[in-house]
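**Q** So I've got this file, structure-v3.csv, and it contains CSV, C-alpha atoms:
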chain,number,residue,atom,x,y,z
A,1,MET,CA,32.9,108.8,31.5
A,2,LYS,CA,31.8,109.2,35.2
A,3,ARG,CA,33.6,110.5,38.2
A,4,ILE,CA,33.3,107.6,40.7
A,5,LEU,CA,34.4,107.5,44.3
A,6,VAL,CA,35.4,104.0,45.4
A,7,THR,CA,35.9,103.7,49.2
A,8,GLY,CA,38.0,100.9,50.4
A,9,ALA,CA,40.0,101.1,47.2
A,10,ALA,CA,43.1,99.4,48.7
A,11,GLY,CA,41.0,96.5,49.9
A,12,PHE,CA,40.4,93.3,48.2
A,13,ILE,CA,37.2,94.0,46.2
A,14,GLY,CA,37.9,97.8,45.9
A,15,PHE,CA,41.3,97.1,44.3
A,16,HIS,CA,39.7,94.8,41.6
A,17,LEU,CA,36.8,97.2,41.1
A,18,SER,CA,38.9,100.3,40.7
A,19,LYS,CA,41.0,98.6,38.0
A,20,ARG,CA,37.9,97.6,36.1
A,21,LEU,CA,36.3,101.0,36.3
A,22,VAL,CA,39.5,102.7,35.1
A,23,ALA,CA,39.7,100.2,32.2
A,24,ASP,CA,36.1,101.1,31.3
A,25,GLY,CA,37.2,104.7,30.9
A,26,HIS,CA,35.9,106.2,34.2
A,27,GLN,CA,37.8,108.7,36.5
A,28,VAL,CA,38.2,106.9,39.8
A,29,CYS,CA,39.0,108.5,43.1
A,30,GLY,CA,40.0,105.8,45.6
A,31,LEU,CA,39.7,106.3,49.3
A,32,ASP,CA,41.1,104.1,52.0
A,33,ASN,CA,42.4,104.6,55.6
A,34,LEU,CA,45.0,101.7,55.1
A,35,ASN,CA,44.4,100.4,58.6
A,36,ASP,CA,46.2,97.4,60.1
A,37,TYR,CA,43.2,95.0,60.4
A,38,TYR,CA,45.4,92.7,58.3
A,39,GLU,CA,48.8,92.8,56.6
A,40,VAL,CA,49.2,96.4,55.6
A,41,LYS,CA,51.9,95.6,53.0
A,42,LEU,CA,49.2,93.8,50.9
A,43,LYS,CA,47.1,97.0,50.8
A,44,TYR,CA,50.1,99.1,49.8
A,45,ASP,CA,51.0,96.7,47.1
A,46,ARG,CA,47.5,96.8,45.7
A,47,LEU,CA,47.6,100.6,45.9
A,48,GLU,CA,50.9,100.8,44.1
A,49,GLN,CA,49.4,99.0,41.1
A,50,LEU,CA,46.4,101.3,41.1
A,51,GLU,CA,48.4,104.5,41.3
A,52,GLN,CA,50.1,103.5,38.0
A,53,LEU,CA,46.8,103.7,36.2
A,54,PRO,CA,45.8,107.0,34.4
A,55,GLY,CA,42.4,108.0,35.6
A,56,PHE,CA,43.0,106.9,39.2
A,57,SER,CA,43.7,109.1,42.1
A,58,PHE,CA,44.0,108.3,45.8
A,59,ILE,CA,43.0,109.9,49.1
A,60,LYS,CA,44.1,108.5,52.5
A,61,MET,CA,41.1,109.0,54.7
A,62,GLY,CA,38.7,107.2,57.0
A,63,LEU,CA,34.9,107.3,56.6
A,64,GLU,CA,34.6,108.6,60.1
A,65,GLU,CA,36.5,111.8,59.3
A,66,ARG,CA,33.4,113.9,58.8
A,67,GLU,CA,34.7,117.3,57.7
A,68,PRO,CA,37.5,116.1,55.4
A,69,LEU,CA,35.0,113.7,53.7
A,70,HIS,CA,32.5,116.6,53.3
A,71,GLN,CA,35.2,118.7,51.7
A,72,LEU,CA,36.1,115.8,49.3
A,73,PHE,CA,32.5,115.5,48.1
A,74,ALA,CA,32.2,119.2,47.7
A,75,SER,CA,35.4,119.5,45.6
A,76,GLU,CA,35.1,116.4,43.5
A,77,LYS,CA,31.4,116.4,42.5
A,78,PHE,CA,31.2,112.6,42.1
A,79,ASP,CA,28.5,111.2,39.8
A,80,THR,CA,28.5,107.8,41.6
A,81,VAL,CA,29.8,106.5,44.9
A,82,VAL,CA,30.6,102.8,45.5
A,83,ASN,CA,31.1,102.3,49.2
A,84,LEU,CA,33.2,99.2,50.0
A,85,ALA,CA,35.0,100.6,53.0
A,86,ALA,CA,34.0,98.9,56.2
A,87,GLN,CA,35.3,97.1,59.2
A,88,ALA,CA,35.0,93.5,58.0
A,89,GLY,CA,35.0,90.1,59.6
A,90,VAL,CA,32.5,88.3,61.8
A,91,ARG,CA,34.9,87.0,64.5
A,92,TYR,CA,36.7,90.3,65.0
A,93,SER,CA,33.4,91.9,65.9
A,94,LEU,CA,33.3,89.7,69.0
A,95,THR,CA,36.4,91.4,70.5
A,96,ASN,CA,36.4,94.8,68.8
A,97,PRO,CA,32.8,96.0,68.5
A,98,TYR,CA,33.5,99.7,68.5
A,99,ALA,CA,35.5,99.4,65.3
A,100,TYR,CA,32.3,98.4,63.6
A,101,ILE,CA,30.3,101.3,64.9
A,102,ASP,CA,33.0,103.9,64.0
A,103,SER,CA,33.4,102.7,60.4
A,104,ASN,CA,30.2,100.9,59.4
A,105,ILE,CA,27.7,103.2,61.2
A,106,SER,CA,29.3,106.6,61.7
A,107,GLY,CA,31.3,106.3,58.5
A,108,PHE,CA,28.2,105.3,56.5
A,109,ILE,CA,26.1,108.2,57.6
A,110,ASN,CA,29.0,110.5,56.5
A,111,ILE,CA,28.8,108.8,53.0
A,112,LEU,CA,25.0,109.3,52.9
A,113,GLU,CA,25.3,113.0,53.9
A,114,GLY,CA,27.9,113.5,51.2
A,115,CYS,CA,25.6,112.0,48.6
A,116,ARG,CA,22.7,114.1,49.9
A,117,HIS,CA,24.4,117.4,49.8
A,118,HIS,CA,26.5,117.1,46.7
A,119,GLY,CA,24.3,115.7,43.9
A,120,VAL,CA,25.5,112.1,43.8
A,121,LYS,CA,23.3,110.3,41.3
A,122,HIS,CA,23.7,106.7,42.6
A,123,LEU,CA,25.1,105.2,45.8
A,124,VAL,CA,26.1,101.6,45.6
A,125,TYR,CA,27.2,100.0,48.9
A,126,ALA,CA,28.4,96.7,50.2
A,127,SER,CA,26.1,94.8,52.4
A,128,SER,CA,26.7,91.1,53.2
A,129,SER,CA,25.2,87.7,53.2
A,130,SER,CA,25.7,87.8,56.9
A,131,VAL,CA,22.5,89.8,57.2
A,132,TYR,CA,20.6,86.6,56.7
A,133,GLY,CA,21.7,85.6,60.2
A,134,ALA,CA,19.4,83.0,61.7
A,135,ASN,CA,17.4,82.5,58.5
A,136,THR,CA,17.3,78.9,57.3
A,137,THR,CA,15.1,79.1,54.2
A,138,MET,CA,17.4,78.4,51.2
A,139,PRO,CA,18.3,80.0,48.9
A,140,PHE,CA,18.5,83.3,50.7
A,141,SER,CA,16.4,85.8,48.9
A,142,VAL,CA,16.4,89.6,49.1
A,143,HIS,CA,12.6,89.3,49.5
A,144,HIS,CA,13.0,87.5,52.8
A,145,ASN,CA,12.9,89.3,56.1
A,146,VAL,CA,16.3,89.6,57.7
A,147,ASP,CA,15.7,90.8,61.2
A,148,HIS,CA,17.7,88.2,63.2
A,149,PRO,CA,21.4,88.9,62.8
A,150,VAL,CA,23.8,86.7,64.8
A,151,SER,CA,26.9,89.0,64.8
A,152,LEU,CA,27.5,92.7,65.3
A,153,TYR,CA,29.1,92.9,61.8
A,154,ALA,CA,25.8,91.6,60.3
A,155,ALA,CA,23.8,94.1,62.4
A,156,THR,CA,25.8,97.0,61.1
A,157,LYS,CA,25.3,95.8,57.5
A,158,LYS,CA,21.5,95.5,58.1
A,159,ALA,CA,21.7,99.0,59.6
A,160,ASN,CA,23.3,100.3,56.4
A,161,GLU,CA,20.4,99.0,54.4
A,162,LEU,CA,17.9,100.7,56.7
A,163,MET,CA,19.9,104.0,56.6
A,164,ALA,CA,20.2,103.9,52.9
A,165,HIS,CA,16.4,103.3,52.5
A,166,THR,CA,15.7,106.3,54.8
A,167,TYR,CA,17.8,108.6,52.6
A,168,SER,CA,16.3,107.2,49.4
A,169,SER,CA,12.8,107.9,50.9
A,170,LEU,CA,13.5,111.3,52.4
A,171,TYR,CA,15.8,112.8,49.8
A,172,GLY,CA,15.2,110.7,46.6
A,173,ILE,CA,18.8,109.4,46.5
A,174,PRO,CA,19.0,106.2,44.4
A,175,THR,CA,20.7,103.6,46.6
A,176,THR,CA,21.6,100.0,45.8
A,177,GLY,CA,22.8,97.5,48.4
A,178,LEU,CA,24.8,94.5,47.5
A,179,ARG,CA,24.9,91.4,49.7
A,180,PHE,CA,28.2,89.7,48.8
A,181,PHE,CA,28.6,85.9,49.4
A,182,THR,CA,32.0,84.6,50.6
A,183,VAL,CA,34.3,86.4,48.1
A,184,TYR,CA,37.6,84.9,47.2
A,185,GLY,CA,40.4,85.2,44.6
A,186,PRO,CA,43.8,86.8,43.9
A,187,TRP,CA,44.8,89.6,46.3
A,188,GLY,CA,42.3,88.3,48.8
A,189,ARG,CA,42.1,89.1,52.5
A,190,PRO,CA,44.5,87.2,54.8
A,191,ASP,CA,41.8,86.7,57.4
A,192,MET,CA,39.6,84.6,55.0
A,193,ALA,CA,39.6,80.8,54.9
A,194,LEU,CA,41.2,80.3,51.5
A,195,PHE,CA,44.2,82.5,52.4
A,196,LEU,CA,44.5,81.0,55.9
A,197,PHE,CA,44.3,77.4,54.6
A,198,THR,CA,46.8,78.0,51.8
A,199,LYS,CA,49.4,79.6,54.1
A,200,ALA,CA,49.0,76.8,56.7
A,201,ILE,CA,49.2,74.0,54.2
A,202,LEU,CA,52.3,75.3,52.5
A,203,GLU,CA,53.9,75.8,55.9
A,204,GLY,CA,53.0,72.3,57.0
A,205,ARG,CA,50.7,73.5,59.8
A,206,PRO,CA,47.2,72.1,60.5
A,207,ILE,CA,44.1,74.1,59.4
A,208,ASP,CA,41.2,74.9,61.6
A,209,VAL,CA,38.0,73.5,60.2
A,210,PHE,CA,35.0,74.8,62.0
A,211,ASN,CA,31.7,73.0,62.6
A,212,HIS,CA,33.6,69.8,62.0
A,213,GLY,CA,33.6,70.7,58.3
A,214,LYS,CA,29.8,70.7,58.0
A,215,MET,CA,29.7,74.1,56.4
A,216,ARG,CA,28.3,75.1,53.0
A,217,ARG,CA,29.3,78.4,51.4
A,218,ASP,CA,28.3,80.1,48.2
A,219,PHE,CA,31.9,80.9,47.3
A,220,THR,CA,32.0,83.7,44.8
A,221,TYR,CA,35.0,84.6,42.7
A,222,VAL,CA,36.1,88.2,42.9
A,223,ASP,CA,35.8,88.9,39.1
A,224,ASP,CA,32.1,87.8,39.3
A,225,ILE,CA,31.6,90.3,42.2
A,226,VAL,CA,33.2,93.1,40.2
A,227,GLU,CA,31.1,92.3,37.1
A,228,GLY,CA,28.0,92.4,39.2
A,229,ILE,CA,28.9,95.7,40.8
A,230,VAL,CA,29.7,97.3,37.4
A,231,ARG,CA,26.4,96.3,36.0
A,232,VAL,CA,24.4,97.3,39.0
A,233,THR,CA,26.2,100.7,39.1
A,234,GLY,CA,24.9,101.4,35.6
A,235,ASN,CA,21.4,100.4,36.6
A,236,THR,CA,20.0,103.2,38.8
A,237,PRO,CA,17.1,102.0,40.9
A,238,LYS,CA,13.6,103.4,40.4
A,239,PRO,CA,10.6,103.3,42.8
A,240,ASP,CA,8.7,100.0,42.6
A,241,SER,CA,5.1,100.9,41.5
A,242,ASN,CA,3.9,97.6,42.8
A,243,TRP,CA,5.3,98.0,46.3
A,244,SER,CA,2.7,97.9,49.0
A,245,GLY,CA,2.9,98.9,52.7
A,246,GLY,CA,0.2,96.3,53.3
A,247,ALA,CA,2.7,93.5,52.2
A,248,PRO,CA,6.1,95.2,52.3
A,249,ASP,CA,8.8,93.7,50.1
A,250,PRO,CA,12.2,94.1,51.8
A,251,GLY,CA,14.1,93.9,48.5
A,252,THR,CA,12.4,96.9,46.8
A,253,SER,CA,10.6,100.1,47.8
A,254,TYR,CA,8.3,103.0,46.9
A,255,ALA,CA,11.6,104.9,47.0
A,256,PRO,CA,14.5,104.5,44.5
A,257,TYR,CA,16.1,101.7,46.6
A,258,LYS,CA,17.1,98.2,45.7
A,259,ILE,CA,18.9,95.2,47.2
A,260,TYR,CA,20.7,92.4,45.3
A,261,ASN,CA,22.5,89.2,46.2
A,262,ILE,CA,25.8,88.6,44.4
A,263,GLY,CA,26.7,84.9,45.0
A,264,ASN,CA,27.6,81.9,42.9
A,265,ASN,CA,24.1,80.4,43.4
A,266,GLN,CA,25.8,77.0,44.0
A,267,PRO,CA,26.9,76.3,47.6
A,268,VAL,CA,29.9,74.1,48.1
A,269,GLU,CA,30.7,71.8,51.1
A,270,LEU,CA,33.7,73.2,52.9
A,271,MET,CA,35.5,69.8,52.7
A,272,ARG,CA,35.1,69.9,48.9
A,273,PHE,CA,36.6,73.4,48.9
A,274,ILE,CA,39.6,72.1,50.9
A,275,GLU,CA,39.9,69.1,48.6
A,276,VAL,CA,40.2,71.4,45.5
A,277,LEU,CA,42.7,73.5,47.3
A,278,GLU,CA,44.8,70.4,48.2
A,279,GLU,CA,44.7,69.4,44.5
A,280,ARG,CA,45.9,72.8,43.3
A,281,LEU,CA,48.6,73.0,45.9
A,282,GLY,CA,49.7,69.3,45.4
A,283,LYS,CA,49.8,68.9,49.2
A,284,GLN,CA,47.4,67.4,51.8
A,285,ALA,CA,46.1,69.4,54.7
A,286,THR,CA,46.1,68.2,58.3
A,287,LYS,CA,42.7,69.2,59.6
A,288,ASN,CA,41.9,70.4,63.1
A,289,LEU,CA,38.1,69.8,63.4
A,290,LEU,CA,36.4,72.3,65.7
A,291,PRO,CA,32.9,73.4,66.8
A,292,ILE,CA,31.2,76.2,65.0
A,293,GLN,CA,32.3,79.6,66.2
A,294,ALA,CA,30.0,82.2,67.8
A,295,GLY,CA,28.4,84.5,65.2
A,296,ASP,CA,29.0,82.0,62.3
A,297,VAL,CA,26.3,80.3,60.3
A,298,PRO,CA,26.4,76.7,58.9
A,299,ALA,CA,25.3,77.6,55.3
A,300,THR,CA,24.9,80.3,52.8
A,301,TYR,CA,23.1,80.1,49.4
A,302,ALA,CA,22.2,83.1,47.2
A,303,ASP,CA,19.1,83.5,45.2
A,304,VAL,CA,20.3,85.8,42.3
A,305,ASP,CA,17.1,85.9,40.3
A,306,ASP,CA,16.8,89.7,40.7
A,307,LEU,CA,20.4,90.2,39.5
A,308,ILE,CA,19.7,88.1,36.5
A,309,ASN,CA,16.4,89.8,35.6
A,310,ASP,CA,17.6,93.3,36.1
A,311,VAL,CA,21.1,93.4,34.8
A,312,GLY,CA,21.4,90.0,32.9
A,313,PHE,CA,24.3,88.6,35.0
A,314,ARG,CA,24.7,85.4,37.0
A,315,PRO,CA,28.1,84.6,38.7
A,316,ALA,CA,29.4,81.3,37.3
A,317,THR,CA,33.2,80.9,38.0
A,318,SER,CA,33.8,77.4,39.4
A,319,ILE,CA,35.8,76.8,42.6
A,320,GLU,CA,38.2,74.7,40.5
A,321,ASP,CA,39.0,77.7,38.3
A,322,GLY,CA,38.8,80.3,41.1
A,323,ILE,CA,41.0,78.4,43.6
A,324,GLY,CA,43.5,77.6,40.8
A,325,ARG,CA,43.9,81.3,40.0
A,326,PHE,CA,44.2,82.2,43.7
A,327,VAL,CA,47.0,79.6,44.2
A,328,GLU,CA,48.8,80.8,41.1
A,329,TRP,CA,48.7,84.4,42.5
A,330,TYR,CA,49.7,83.4,46.0
A,331,ARG,CA,52.7,81.4,44.9
A,332,GLY,CA,53.9,84.3,42.8
A,333,TYR,CA,53.3,87.0,45.3
A,334,TYR,CA,55.0,85.1,48.2
A,335,ASN,CA,57.5,83.4,46.0
A,336,CYS,CA,56.7,79.9,47.3
In structure tokens, what does this structure look like?

**A**
Amino acid sequence: MKRILVTGAAGFIGFHLSKRLVADGHQVCGLDNLNDYYEVKLKYDRLEQLEQLPGFSFIKMGLEEREPLHQLFASEKFDTVVNLAAQAGVRYSLTNPYAYIDSNISGFINILEGCRHHGVKHLVYASSSSVYGANTTMPFSVHHNVDHPVSLYAATKKANELMAHTYSSLYGIPTTGLRFFTVYGPWGRPDMALFLFTKAILEGRPIDVFNHGKMRRDFTYVDDIVEGIVRVTGNTPKPDSNWSGGAPDPGTSYAPYKIYNIGNNQPVELMRFIEVLEERLGKQATKNLLPIQAGDVPATYADVDDLINDVGFRPATSIEDGIGRFVEWYRGYYNC
């Protein structure tokens, strides 16, 4: 049994991960600021389920609250920290940039300092496929250079990876960054495409399809994301003895630092994704075809070889199964 801090516990992935960790016998402290970036009721309903679980406790707090966070680390003596709290969303960063600095940069340094001063044995944190930015070599590999982000959100996630490496190098803190690829599933975020599409189709409104539908995404079901996190959390990174400053590998280090992609390793055309959703809803969508939005990328595709080699896991849930489970949850939750 470990004492694990999960930040963003009332969020989409944090909710599912917290349930899994408690089921595995761990003591989980969930932290969340319950902000109103999207429908707050959804966060409270997730939290209500978590608080019924023995082995789960909750603290309402933001990562930028330096002193309260320091006190939490000091009193709880966590073995492991899984940092999922962040200001999410590419498009929101175009209009609210400071929210990303406060949460994703200032908040993350507070997490790193907590780990440094209070003996945390492994920090696992959410990065994003967005860090690949202007890269076009597919599939995206953690061994590729990722120095050309196209949104502030992506830049903050790349900054998190750099900050984590610094602390791994200076203080020997084992850190693992996880680049998630387009996560979807029950209890998902209302600002994500699947949720937006489902709501609009059921209400008889058109859906906005960007880049005229010429998008490909490595849609990854939330249970696969959670399985990946759990396995990686139990696999503390060690320094790579083959790492060389003459030919530096971005995915590993001379320090106890590692980066993984967690994606379905099977990109899907957006129009096919919509087609499957229409089938599961039993209703056709009216499509409003639009140009690609600023900060967006036309395709994502994860190379997950390191994940397979190191922890023996490859995400594999099909969109047919995953979308079906989401629609079943959505109809039940909203009674429609």

**Q** Tell me which of A:Gly11, A:Pro291, A:Gly55, A:Gly312 sits closest to Asp208 (chain A), counting all atoms listed in the file.

**A** A:Pro291

**Q** Would you list the contacts of Leu17 (chain A) as a ChimeraX atom specification, taking every protein, DNA or RNA residue within 7 Å and counting all atoms listed in the file, but skipping same-chain residues closer than 4 positions in sequence?

**A** /A:13,21,226

**Q** Output C-alpha atoms for every residue in the selection just made, as a PDB file, in the coordinates of the input.

**A**
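After the write, out34.pdb holds the following:
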ATOM      1  CA  ILE A  13      37.200  94.000  46.200  1.00  0.00           C
ATOM      2  CA  LEU A  21      36.300 101.000  36.300  1.00  0.00           C
ATOM      3  CA  VAL A 226      33.200  93.100  40.200  1.00  0.00           C
TER       4      VAL A 226
END

**Q** When distances are computed from all atoms listed in the file, which of A:Thr317, A:Thr176, A:Thr80, A:Thr156 shows the smallest separation from Pro239 (chain A)?

**A**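 Ranking A:Thr317, A:Thr176, A:Thr80, A:Thr156 by distance to Pro239 (chain A), first place goes to A:Thr176.
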
**Q** Figure out the distance between CA of Ser141 (chain A) and CA of Met215 (chain A), please, to one decimal in Å.

**A**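 Result for CA of Met215 (chain A) versus CA of Ser141 (chain A): 19.2 Å, one decimal.
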
**Q** Please return as a ChimeraX atom specification every residue within 12 Å of (45.5, 67.0, 50.4), taking into account all atoms listed in the file and the file's own coordinates.

**A** /A:197-198,201-202,204,206-207,271-287

**Q** Might you pull out every residue within 6 Å of region 126-133 of chain A, with all atoms listed in the file counted and same-chain residues fewer than 3 positions away left off, and present them as a PDB file with C-alpha atoms, in the coordinates of the input?

**A**
ATOM      1  CA  LEU A  84      33.200  99.200  50.000  1.00  0.00           C
ATOM      2  CA  VAL A 146      16.300  89.600  57.700  1.00  0.00           C
ATOM      3  CA  HIS A 148      17.700  88.200  63.200  1.00  0.00           C
ATOM      4  CA  PRO A 149      21.400  88.900  62.800  1.00  0.00           C
ATOM      5  CA  VAL A 150      23.800  86.700  64.800  1.00  0.00           C
ATOM      6  CA  ALA A 154      25.800  91.600  60.300  1.00  0.00           C
ATOM      7  CA  LYS A 157      25.300  95.800  57.500  1.00  0.00           C
ATOM      8  CA  LYS A 158      21.500  95.500  58.100  1.00  0.00           C
ATOM      9  CA  GLY A 177      22.800  97.500  48.400  1.00  0.00           C
ATOM     10  CA  LEU A 178      24.800  94.500  47.500  1.00  0.00           C
ATOM     11  CA  ARG A 179      24.900  91.400  49.700  1.00  0.00           C
ATOM     12  CA  PHE A 180      28.200  89.700  48.800  1.00  0.00           C
ATOM     13  CA  PHE A 181      28.600  85.900  49.400  1.00  0.00           C
TER      14      PHE A 181
END

**Q** For Leu123 (chain A), which residue among A:Val28, A:Val222, A:Val142, A:Ile173 is the nearest when counting all atoms listed in the file?

**A**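 Distance minimum relative to Leu123 (chain A) lands on A:Ile173.
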
**Q** Calculate how many Å separate CA of Asn83 (chain A) from CA of Asp218 (chain A), rounding to one decimal.

**A**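 That distance, rounded to one decimal, is 22.4 Å.
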
**Q** For Cys115 (chain A), which residue out of A:Asn35, A:Asn135, A:Ser244, A:Ser168 is the nearest one, using all atoms listed in the file?

**A** A:Ser168

**Q** Counting only C-alpha atoms, which residue out of A:Pro186, A:Ile105, A:Ile4, A:Ser93 sits closest to Val327 (chain A)?

**A** A:Pro186

**Q** Kindly provide, as number ranges by chain, the polymer residues lying within 6 Å of (42.1, 105.7, 43.8), counting only C-alpha atoms and using the coordinates exactly as they appear in the file.

**A** A: 28-30, 56-58

**Q** In Å, rounded to a single decimal, give me how far CA of Asp310 (chain A) is from CA of Phe140 (chain A).

**A**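 So the two atoms, CA of Phe140 (chain A) and CA of Asp310 (chain A), lie 17.7 Å apart.
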
**Q** Taking all listed atoms of region 39-43 of chain A, build the axis-aligned box, pad each of the six sides by 6 Å, then write its centre and edge lengths in Å to one decimal as lines of an AutoDock Vina configuration file.

**A**
center_x = 49.5
center_y = 94.9
center_z = 53.7
size_x = 16.8
size_y = 16.2
size_z = 17.8

**Q** Which residues come within 8 Å of Asp296 (chain A), counting only C-alpha atoms, excluding same-chain residues fewer than 3 positions away, as a PyMOL selection string?

**A** chain A and resi 90+150-151+292-293

**Q** Okay, now the selection with C-alpha atoms, as a PDB file, in the frame of the given file?

**A**
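Produced file out00.pdb, reproduced below:
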ATOM      1  CA  VAL A  90      32.500  88.300  61.800  1.00  0.00           C
ATOM      2  CA  VAL A 150      23.800  86.700  64.800  1.00  0.00           C
ATOM      3  CA  SER A 151      26.900  89.000  64.800  1.00  0.00           C
ATOM      4  CA  ILE A 292      31.200  76.200  65.000  1.00  0.00           C
ATOM      5  CA  GLN A 293      32.300  79.600  66.200  1.00  0.00           C
TER       6      GLN A 293
END
